[in-house]
file run32.cif (mmCIF, C-alpha atoms)
data_input
#
loop_
_atom_site.label_atom_id
_atom_site.label_comp_id
_atom_site.auth_asym_id
_atom_site.auth_seq_id
_atom_site.Cartn_x
_atom_site.Cartn_y
_atom_site.Cartn_z
CA MET A 1 136.05 120.91 136.64
CA LYS A 2 135.69 123.57 139.35
CA GLY A 3 133.64 125.77 137.01
CA GLU A 4 131.43 122.80 136.17
CA GLU A 5 130.86 122.08 139.87
CA LEU A 6 129.86 125.70 140.47
CA THR A 7 127.37 125.47 137.62
CA LEU A 8 125.98 122.21 138.98
CA ASP A 9 125.59 123.85 142.40
CA ASN A 10 123.86 126.87 140.86
CA THR A 11 121.49 124.76 138.77
CA TRP A 12 120.64 122.55 141.72
CA SER A 13 120.09 125.55 143.98
CA LEU A 14 117.53 126.86 141.49
CA ILE A 15 115.82 123.46 141.38
CA GLU A 16 115.64 123.31 145.19
CA GLN A 17 114.06 126.77 145.19
CA GLY A 18 111.40 125.60 142.75
CA ARG A 19 112.77 127.87 140.00
CA PHE A 20 112.69 125.13 137.39
CA GLY A 21 112.58 127.37 134.32
CA GLU A 22 115.65 129.27 135.47
CA ALA A 23 117.40 125.98 136.27
CA TYR A 24 116.71 124.78 132.74
CA LYS A 25 118.08 128.01 131.27
CA SER A 26 121.21 127.87 133.46
CA ALA A 27 121.91 124.24 132.56
CA THR A 28 121.32 124.89 128.85
CA GLU A 29 123.74 127.79 128.76
CA GLU A 30 126.46 125.81 130.53
CA TYR A 31 125.91 122.65 128.51
CA GLU A 32 126.36 124.65 125.31
CA LYS A 33 129.66 125.94 126.68
CA THR A 34 131.05 122.73 128.18
CA GLY A 35 129.27 119.75 126.64
CA SER A 36 129.20 118.24 130.15
CA TYR A 37 126.83 115.28 130.51
CA ARG A 38 126.59 115.94 134.25
CA ILE A 39 125.10 119.35 133.46
CA LEU A 40 122.87 117.78 130.80
CA GLY A 41 121.58 115.39 133.47
CA ASN A 42 120.53 118.31 135.64
CA ARG A 43 118.86 119.90 132.65
CA ALA A 44 116.88 116.70 132.14
CA ILE A 45 115.73 116.84 135.77
CA SER A 46 114.59 120.44 135.32
CA LEU A 47 112.69 119.39 132.19
CA LYS A 48 110.91 116.62 134.10
CA LEU A 49 109.97 119.12 136.79
CA LEU A 50 108.60 121.36 134.03
CA LYS A 51 106.78 118.26 132.72
CA ASP A 52 108.50 118.48 129.36
CA TYR A 53 109.01 114.75 129.16
CA LYS A 54 109.95 114.68 125.47
CA GLY A 55 112.77 117.12 126.17
CA ALA A 56 113.92 115.06 129.13
CA LEU A 57 113.88 111.88 127.03
CA HIS A 58 116.03 113.57 124.39
CA ASP A 59 118.62 114.57 126.99
CA TYR A 60 118.67 111.18 128.68
CA LEU A 61 119.07 109.38 125.35
CA THR A 62 121.98 111.71 124.55
CA ILE A 63 123.64 110.73 127.82
CA LEU A 64 122.92 107.02 127.36
CA ASN A 65 124.29 106.95 123.83
CA ALA A 66 127.39 108.98 124.59
CA VAL A 67 130.65 107.22 123.84
CA ASP A 68 132.93 107.32 126.85
CA GLN A 69 136.40 107.68 125.37
CA PHE A 70 138.03 107.26 128.76
CA TYR A 71 136.95 103.64 129.00
CA ILE A 72 137.60 102.93 125.34
CA ASN A 73 141.18 104.18 125.69
CA ASN A 74 141.92 102.76 129.14
CA LYS A 75 143.51 99.32 128.79
CA ASN A 76 142.73 98.46 132.42
CA TYR A 77 139.04 98.09 131.57
CA ASN A 78 139.08 94.84 129.64
CA ASP A 79 136.45 92.82 131.47
CA ASN A 80 133.52 92.82 129.02
CA LEU A 81 131.41 95.04 131.25
CA ILE A 82 129.29 97.71 129.58
CA ASN A 83 130.63 101.12 130.55
CA LYS A 84 127.28 102.48 131.65
CA GLY A 85 125.34 102.60 134.87
CA ASP A 86 121.92 101.16 135.55
CA GLY A 87 120.74 104.68 136.42
CA GLU A 88 121.24 105.81 132.82
CA TYR A 89 118.89 103.11 131.54
CA ILE A 90 116.41 103.76 134.35
CA ASP A 91 116.33 107.50 133.55
CA VAL A 92 115.51 106.79 129.90
CA GLY A 93 112.85 104.31 131.00
CA VAL A 94 111.27 106.83 133.36
CA ALA A 95 111.01 109.38 130.55
CA TYR A 96 109.39 106.80 128.26
CA TRP A 97 106.97 105.82 131.04
CA LEU A 98 105.97 109.44 131.62
CA LEU A 99 105.19 109.62 127.90
CA SER A 100 103.03 106.48 128.28
CA ASP A 101 105.38 104.41 126.12
CA TYR A 102 105.26 101.57 128.61
CA GLN A 103 106.90 98.86 126.52
CA GLN A 104 109.94 100.99 125.72
CA ALA A 105 110.18 101.94 129.40
CA LEU A 106 110.03 98.31 130.46
CA LYS A 107 112.67 97.41 127.87
CA MET A 108 115.07 100.01 129.34
CA TRP A 109 114.37 98.88 132.90
CA ILE A 110 114.96 95.24 132.01
CA TYR A 111 118.29 96.29 130.47
CA SER A 112 119.17 98.01 133.76
CA MET A 113 118.43 94.75 135.57
CA THR A 114 120.03 92.21 133.23
CA LEU A 115 122.96 93.83 131.41
CA ARG A 116 126.47 93.46 132.84
CA LEU A 117 126.93 97.13 133.68
CA ARG A 118 129.95 98.66 135.38
CA PHE A 119 128.05 100.99 137.72
CA THR A 120 124.94 100.83 139.88
CA SER A 121 122.94 103.61 141.50
CA ASN A 122 121.44 101.08 143.91
CA ILE A 123 121.67 97.34 143.27
CA MET A 124 118.09 96.72 144.39
CA ILE A 125 116.32 99.41 142.34
CA PRO A 126 116.44 97.87 138.83
CA PRO A 127 114.43 94.75 139.78
CA CYS A 128 112.14 96.83 142.03
CA ILE A 129 111.22 99.19 139.22
CA VAL A 130 110.70 96.25 136.85
CA TYR A 131 108.43 94.77 139.52
CA PHE A 132 106.37 97.99 139.52
CA ALA A 133 106.03 97.89 135.74
CA GLY A 134 105.00 94.25 135.76
CA VAL A 135 102.34 94.90 138.40
CA TYR A 136 101.06 98.00 136.62
CA LEU A 137 100.85 96.23 133.26
CA ASN A 138 99.40 93.08 134.84
CA ASP A 139 102.35 91.18 133.36
CA LEU A 140 102.73 88.25 135.75
CA LYS A 141 105.77 86.87 133.93
CA THR A 142 107.62 90.17 134.43
CA VAL A 143 106.61 90.33 138.10
CA LYS A 144 107.93 86.80 138.62
CA GLU A 145 111.22 87.62 136.85
CA ALA A 146 111.65 90.82 138.85
CA LYS A 147 111.12 88.97 142.13
CA LYS A 148 113.70 86.42 141.03
CA TYR A 149 116.26 89.21 140.64
CA ILE A 150 115.19 90.83 143.91
CA LYS A 151 115.81 87.50 145.63
CA LYS A 152 119.13 87.10 143.81
CA ARG A 153 120.33 90.51 145.02
CA TYR A 154 118.60 90.17 148.37
CA LYS A 155 120.44 90.75 151.62
CA LYS A 156 119.05 90.88 155.14
CA THR A 157 120.35 94.44 155.33
CA ILE A 158 118.18 95.64 152.40
CA PRO A 159 114.70 96.30 153.81
CA LEU A 160 113.07 97.09 150.46
CA GLY A 161 113.93 93.65 149.11
CA ARG A 162 112.58 92.01 152.26
CA PHE A 163 109.34 94.00 151.94
CA LEU A 164 108.70 93.08 148.31
CA LEU A 165 109.40 89.43 149.14
CA ASP A 166 106.77 89.64 151.92
CA GLU A 167 109.27 89.05 154.72
CA ILE A 168 108.44 92.31 156.50
CA ASN A 169 105.32 94.48 156.43
CA GLU A 170 104.81 98.16 155.63
CA GLU A 171 105.20 99.29 159.25
CA GLU A 172 108.46 97.37 159.65
CA LEU A 173 109.76 98.79 156.38
CA LEU A 174 109.10 102.39 157.40
CA LYS A 175 110.68 101.81 160.81
CA GLU A 176 113.95 101.12 159.00
CA ILE A 177 114.19 104.84 158.14
CA LYS A 178 116.37 106.49 160.76
CA PRO A 179 114.86 109.80 162.02
CA ASP A 180 118.24 111.54 161.89
CA SER A 181 119.34 110.10 158.54
CA PRO A 182 120.37 112.67 155.88
CA LEU A 183 118.65 110.34 153.41
CA LYS A 184 115.36 110.25 155.32
CA GLU A 185 113.37 112.24 152.75
CA ARG A 186 114.74 110.30 149.80
CA THR A 187 114.25 106.91 151.42
CA LEU A 188 110.67 107.71 152.45
CA CYS A 189 109.88 108.78 148.89
CA LYS A 190 111.25 105.51 147.53
CA TYR A 191 109.57 103.29 150.13
CA GLU A 192 106.17 104.91 149.68
CA PHE A 193 106.33 104.24 145.95
CA TYR A 194 106.95 100.53 146.42
CA ILE A 195 104.31 100.30 149.14
CA ALA A 196 101.98 101.75 146.50
CA SER A 197 103.17 99.12 144.02
CA LYS A 198 102.52 96.34 146.54
CA ARG A 199 99.01 97.69 147.17
CA LEU A 200 98.34 97.68 143.43
CA GLU A 201 99.50 94.06 143.23
CA GLN A 202 97.03 93.26 146.01
CA GLY A 203 94.22 94.94 144.07
CA ASP A 204 93.80 97.89 146.45
CA ARG A 205 93.72 100.80 144.01
CA ALA A 206 92.60 103.37 146.59
CA ASP A 207 95.63 102.63 148.77
CA PHE A 208 97.82 102.60 145.66
CA VAL A 209 96.79 106.20 144.98
CA GLU A 210 97.22 107.20 148.64
CA HIS A 211 100.80 105.97 148.77
CA LEU A 212 101.61 107.57 145.41
CA LYS A 213 100.52 110.85 146.99
CA ARG A 214 102.77 110.22 149.98
CA CYS A 215 105.67 109.48 147.61
CA ARG A 216 105.00 112.71 145.71
CA ASP A 217 104.72 114.74 148.91
CA ALA A 218 108.02 113.34 150.23
CA LYS A 219 109.66 114.72 147.03
CA GLY A 220 112.89 112.80 147.60
CA LYS A 221 114.81 116.03 146.99
CA TYR A 222 113.88 115.59 143.30
CA LEU A 223 116.57 112.90 143.04
CA GLU A 224 114.50 109.71 143.10
CA PHE A 225 113.21 107.98 139.96
CA GLU A 226 110.12 107.02 141.91
CA TYR A 227 109.11 110.61 142.69
CA PHE A 228 108.69 111.41 139.00
CA LEU A 229 106.79 108.19 138.34
CA ALA A 230 104.39 109.01 141.19
CA VAL A 231 103.83 112.55 139.87
CA GLY A 232 103.25 111.22 136.37
CA GLU A 233 100.72 108.61 137.51
CA LEU A 234 98.77 111.11 139.62
CA ASP A 235 98.71 113.58 136.73
CA LYS A 236 97.36 110.88 134.39
CA MET A 237 94.57 110.14 136.87
CA ILE A 238 93.57 113.82 136.91
CA ILE A 239 93.50 113.89 133.10
CA GLU A 240 91.35 110.74 133.00
CA ARG A 241 88.84 112.27 135.42
CA LEU A 242 88.56 115.36 133.22
CA LYS A 243 87.73 113.39 130.08
#
call {"tool": "encode", "arguments": {"input": "run32.cif", "output": "structure tokens"}}
result
Amino acid sequence: MKGEELTLDNTWSLIEQGRFGEAYKSATEEYEKTGSYRILGNRAISLKLLKDYKGALHDYLTILNAVDQFYINNKNYNDNLINKGDGEYIDVGVAYWLLSDYQQALKMWIYSMTLRLRFTSNIMIPPCIVYFAGVYLNDLKTVKEAKKYIKKRYKKTIPLGRFLLDEINEEELLKEIKPDSPLKERTLCKYEFYIASKRLEQGDRADFVEHLKRCRDAKGKYLEFEYFLAVGELDKMIIERLK
């Protein structure tokens, strides 16, 4: 375990330095030695940063489909929950989305929202990301369903839910980010993405693009699903302009 943690630290250090190719190589070498899905997850991140979305999808599907023998063998886990986290489904969905396979992406994101999963990366994110997809695809039924789940999971202490339910505005949402918070960069990245999504729902495409850029520029320490979606959307817009 200690060796694995050192490898994770080394891979992540390379990612933070922008040395994505070296990070991929480091993670590949260690995954071949250890078979660790934590290391494979970091390799998938390096692949997304290299914009090899097919490679990232392959790694995320490997992680999602892995059989966790610990939970199968542990008699204490007999509660009919699926021994996965919503983040695993979201990661697969993000990779599909970046490959423009929107229906497969939406399917994975709906799973993250509706399945009885044991773990959550953030209870509010599955319905929020489904909301984005519904808005983007002009799927009003999906938007309505996502907002139902946002309301179901809603708490006064969750600003993002309040914003998407139109209880607070953009300025009030951003004020919720504490200047000295260690999560400031990540939270700003996430909030800017959903501000962009709200602008798209309102039909303001120019502001949608502006807030995607702000999400991308915040980077979110390369840990936020939304950062990669913003980068992917902006890249698609560049490609469309070049056609």
call {"tool": "resolve_selection", "arguments": {"input": "run32.cif", "expression": "the PyMOL selection byres ((chain A and resi 85-97) around 6)", "output": "VMD selection string"}}
result
chain A and resid 53 57 60 64 84 98 to 102 105 108 to 109 112 117 119 to 121
call {"tool": "residues_around", "arguments": {"input": "run32.cif", "residues": "Asp207 of chain A", "least_positions_apart": "5", "cutoff": "8 Å", "atoms": "only C-alpha atoms", "output": "list in words"}}
result
Ala196, Arg199 and Leu200 of chain A
call {"tool": "resolve_selection", "arguments": {"input": "run32.cif", "expression": "the PyMOL selection byres ((chain A and resi 216) around 8)", "output": "list in words"}}
result
Cys189, Leu212, Lys213, Arg214, Cys215, Asp217, Ala218, Lys219, Tyr227, Phe228, Ala230 and Val231 of chain A
call {"tool": "resolve_selection", "arguments": {"input": "run32.cif", "expression": "the PyMOL selection byres ((chain A and resi 15-20) around 9)", "output": "PyMOL selection string"}}
result
chain A and resi 10-14+21-25+45-47+49-50+221-222
call {"tool": "atom_distance", "arguments": {"input": "run32.cif", "atom1": "atom CA of Ile150 of chain A", "atom2": "atom CA of Pro126 of chain A"}}
result
8.8 Å
call {"tool": "atom_distance", "arguments": {"input": "run32.cif", "atom1": "atom CA of Gly220 of chain A", "atom2": "atom CA of Tyr191 of chain A"}}
result
10.4 Å
call {"tool": "closest_residue", "arguments": {"input": "run32.cif", "among": "A:Glu233, A:Glu29, A:Glu224, A:Asp139", "to": "Phe208 of chain A", "atoms": "all atoms listed in the file"}}
result
A:Glu233
call {"tool": "decode", "arguments": {"input": "run32.cif", "residues": "segment 219-237 of chain A", "atoms": "N, CA and C atoms", "output": "PDB file, in the first residue's frame"}}
result
ATOM      1  N   LYS A 219      -9.613  25.251 -13.749  1.00  0.00           N
ATOM      2  CA  LYS A 219      -8.943  23.938 -13.788  1.00  0.00           C
ATOM      3  C   LYS A 219      -9.453  22.936 -12.756  1.00  0.00           C
ATOM      4  N   GLY A 220      -9.812  23.384 -11.567  1.00  0.00           N
ATOM      5  CA  GLY A 220     -10.308  22.461 -10.559  1.00  0.00           C
ATOM      6  C   GLY A 220      -9.305  21.418 -10.145  1.00  0.00           C
ATOM      7  N   LYS A 221      -8.014  21.777 -10.278  1.00  0.00           N
ATOM      8  CA  LYS A 221      -6.905  20.864  -9.951  1.00  0.00           C
ATOM      9  C   LYS A 221      -6.985  19.563 -10.743  1.00  0.00           C
ATOM     10  N   TYR A 222      -7.665  19.600 -11.884  1.00  0.00           N
ATOM     11  CA  TYR A 222      -7.832  18.435 -12.774  1.00  0.00           C
ATOM     12  C   TYR A 222      -8.609  17.298 -12.102  1.00  0.00           C
ATOM     13  N   LEU A 223      -9.381  17.645 -11.070  1.00  0.00           N
ATOM     14  CA  LEU A 223     -10.109  16.613 -10.322  1.00  0.00           C
ATOM     15  C   LEU A 223     -11.622  16.654 -10.550  1.00  0.00           C
ATOM     16  N   GLU A 224     -12.096  17.689 -11.221  1.00  0.00           N
ATOM     17  CA  GLU A 224     -13.541  17.852 -11.369  1.00  0.00           C
ATOM     18  C   GLU A 224     -14.018  17.308 -12.715  1.00  0.00           C
ATOM     19  N   PHE A 225     -15.124  16.571 -12.691  1.00  0.00           N
ATOM     20  CA  PHE A 225     -15.735  16.075 -13.928  1.00  0.00           C
ATOM     21  C   PHE A 225     -16.003  17.242 -14.880  1.00  0.00           C
ATOM     22  N   GLU A 226     -16.473  18.337 -14.285  1.00  0.00           N
ATOM     23  CA  GLU A 226     -16.944  19.467 -15.071  1.00  0.00           C
ATOM     24  C   GLU A 226     -15.823  20.145 -15.856  1.00  0.00           C
ATOM     25  N   TYR A 227     -14.615  20.125 -15.327  1.00  0.00           N
ATOM     26  CA  TYR A 227     -13.484  20.717 -16.039  1.00  0.00           C
ATOM     27  C   TYR A 227     -13.308  20.047 -17.401  1.00  0.00           C
ATOM     28  N   PHE A 228     -13.329  18.725 -17.414  1.00  0.00           N
ATOM     29  CA  PHE A 228     -13.107  17.999 -18.664  1.00  0.00           C
ATOM     30  C   PHE A 228     -14.261  18.199 -19.643  1.00  0.00           C
ATOM     31  N   LEU A 229     -15.479  18.298 -19.120  1.00  0.00           N
ATOM     32  CA  LEU A 229     -16.618  18.569 -19.999  1.00  0.00           C
ATOM     33  C   LEU A 229     -16.494  19.947 -20.633  1.00  0.00           C
ATOM     34  N   ALA A 230     -16.061  20.937 -19.848  1.00  0.00           N
ATOM     35  CA  ALA A 230     -15.890  22.287 -20.385  1.00  0.00           C
ATOM     36  C   ALA A 230     -14.821  22.305 -21.473  1.00  0.00           C
ATOM     37  N   VAL A 231     -13.690  21.653 -21.219  1.00  0.00           N
ATOM     38  CA  VAL A 231     -12.613  21.588 -22.215  1.00  0.00           C
ATOM     39  C   VAL A 231     -13.115  20.917 -23.491  1.00  0.00           C
ATOM     40  N   GLY A 232     -13.829  19.816 -23.327  1.00  0.00           N
ATOM     41  CA  GLY A 232     -14.346  19.096 -24.484  1.00  0.00           C
ATOM     42  C   GLY A 232     -15.305  19.934 -25.309  1.00  0.00           C
ATOM     43  N   GLU A 233     -16.214  20.646 -24.642  1.00  0.00           N
ATOM     44  CA  GLU A 233     -17.175  21.485 -25.368  1.00  0.00           C
ATOM     45  C   GLU A 233     -16.479  22.619 -26.105  1.00  0.00           C
ATOM     46  N   LEU A 234     -15.515  23.263 -25.468  1.00  0.00           N
ATOM     47  CA  LEU A 234     -14.795  24.361 -26.117  1.00  0.00           C
ATOM     48  C   LEU A 234     -13.984  23.860 -27.304  1.00  0.00           C
ATOM     49  N   ASP A 235     -13.398  22.682 -27.164  1.00  0.00           N
ATOM     50  CA  ASP A 235     -12.651  22.095 -28.288  1.00  0.00           C
ATOM     51  C   ASP A 235     -13.580  21.792 -29.463  1.00  0.00           C
ATOM     52  N   LYS A 236     -14.769  21.283 -29.173  1.00  0.00           N
ATOM     53  CA  LYS A 236     -15.731  20.982 -30.248  1.00  0.00           C
ATOM     54  C   LYS A 236     -16.129  22.252 -30.990  1.00  0.00           C
ATOM     55  N   MET A 237     -16.257  23.353 -30.258  1.00  0.00           N
ATOM     56  CA  MET A 237     -16.629  24.625 -30.886  1.00  0.00           C
ATOM     57  C   MET A 237     -15.526  25.099 -31.838  1.00  0.00           C
TER      58      MET A 237
END
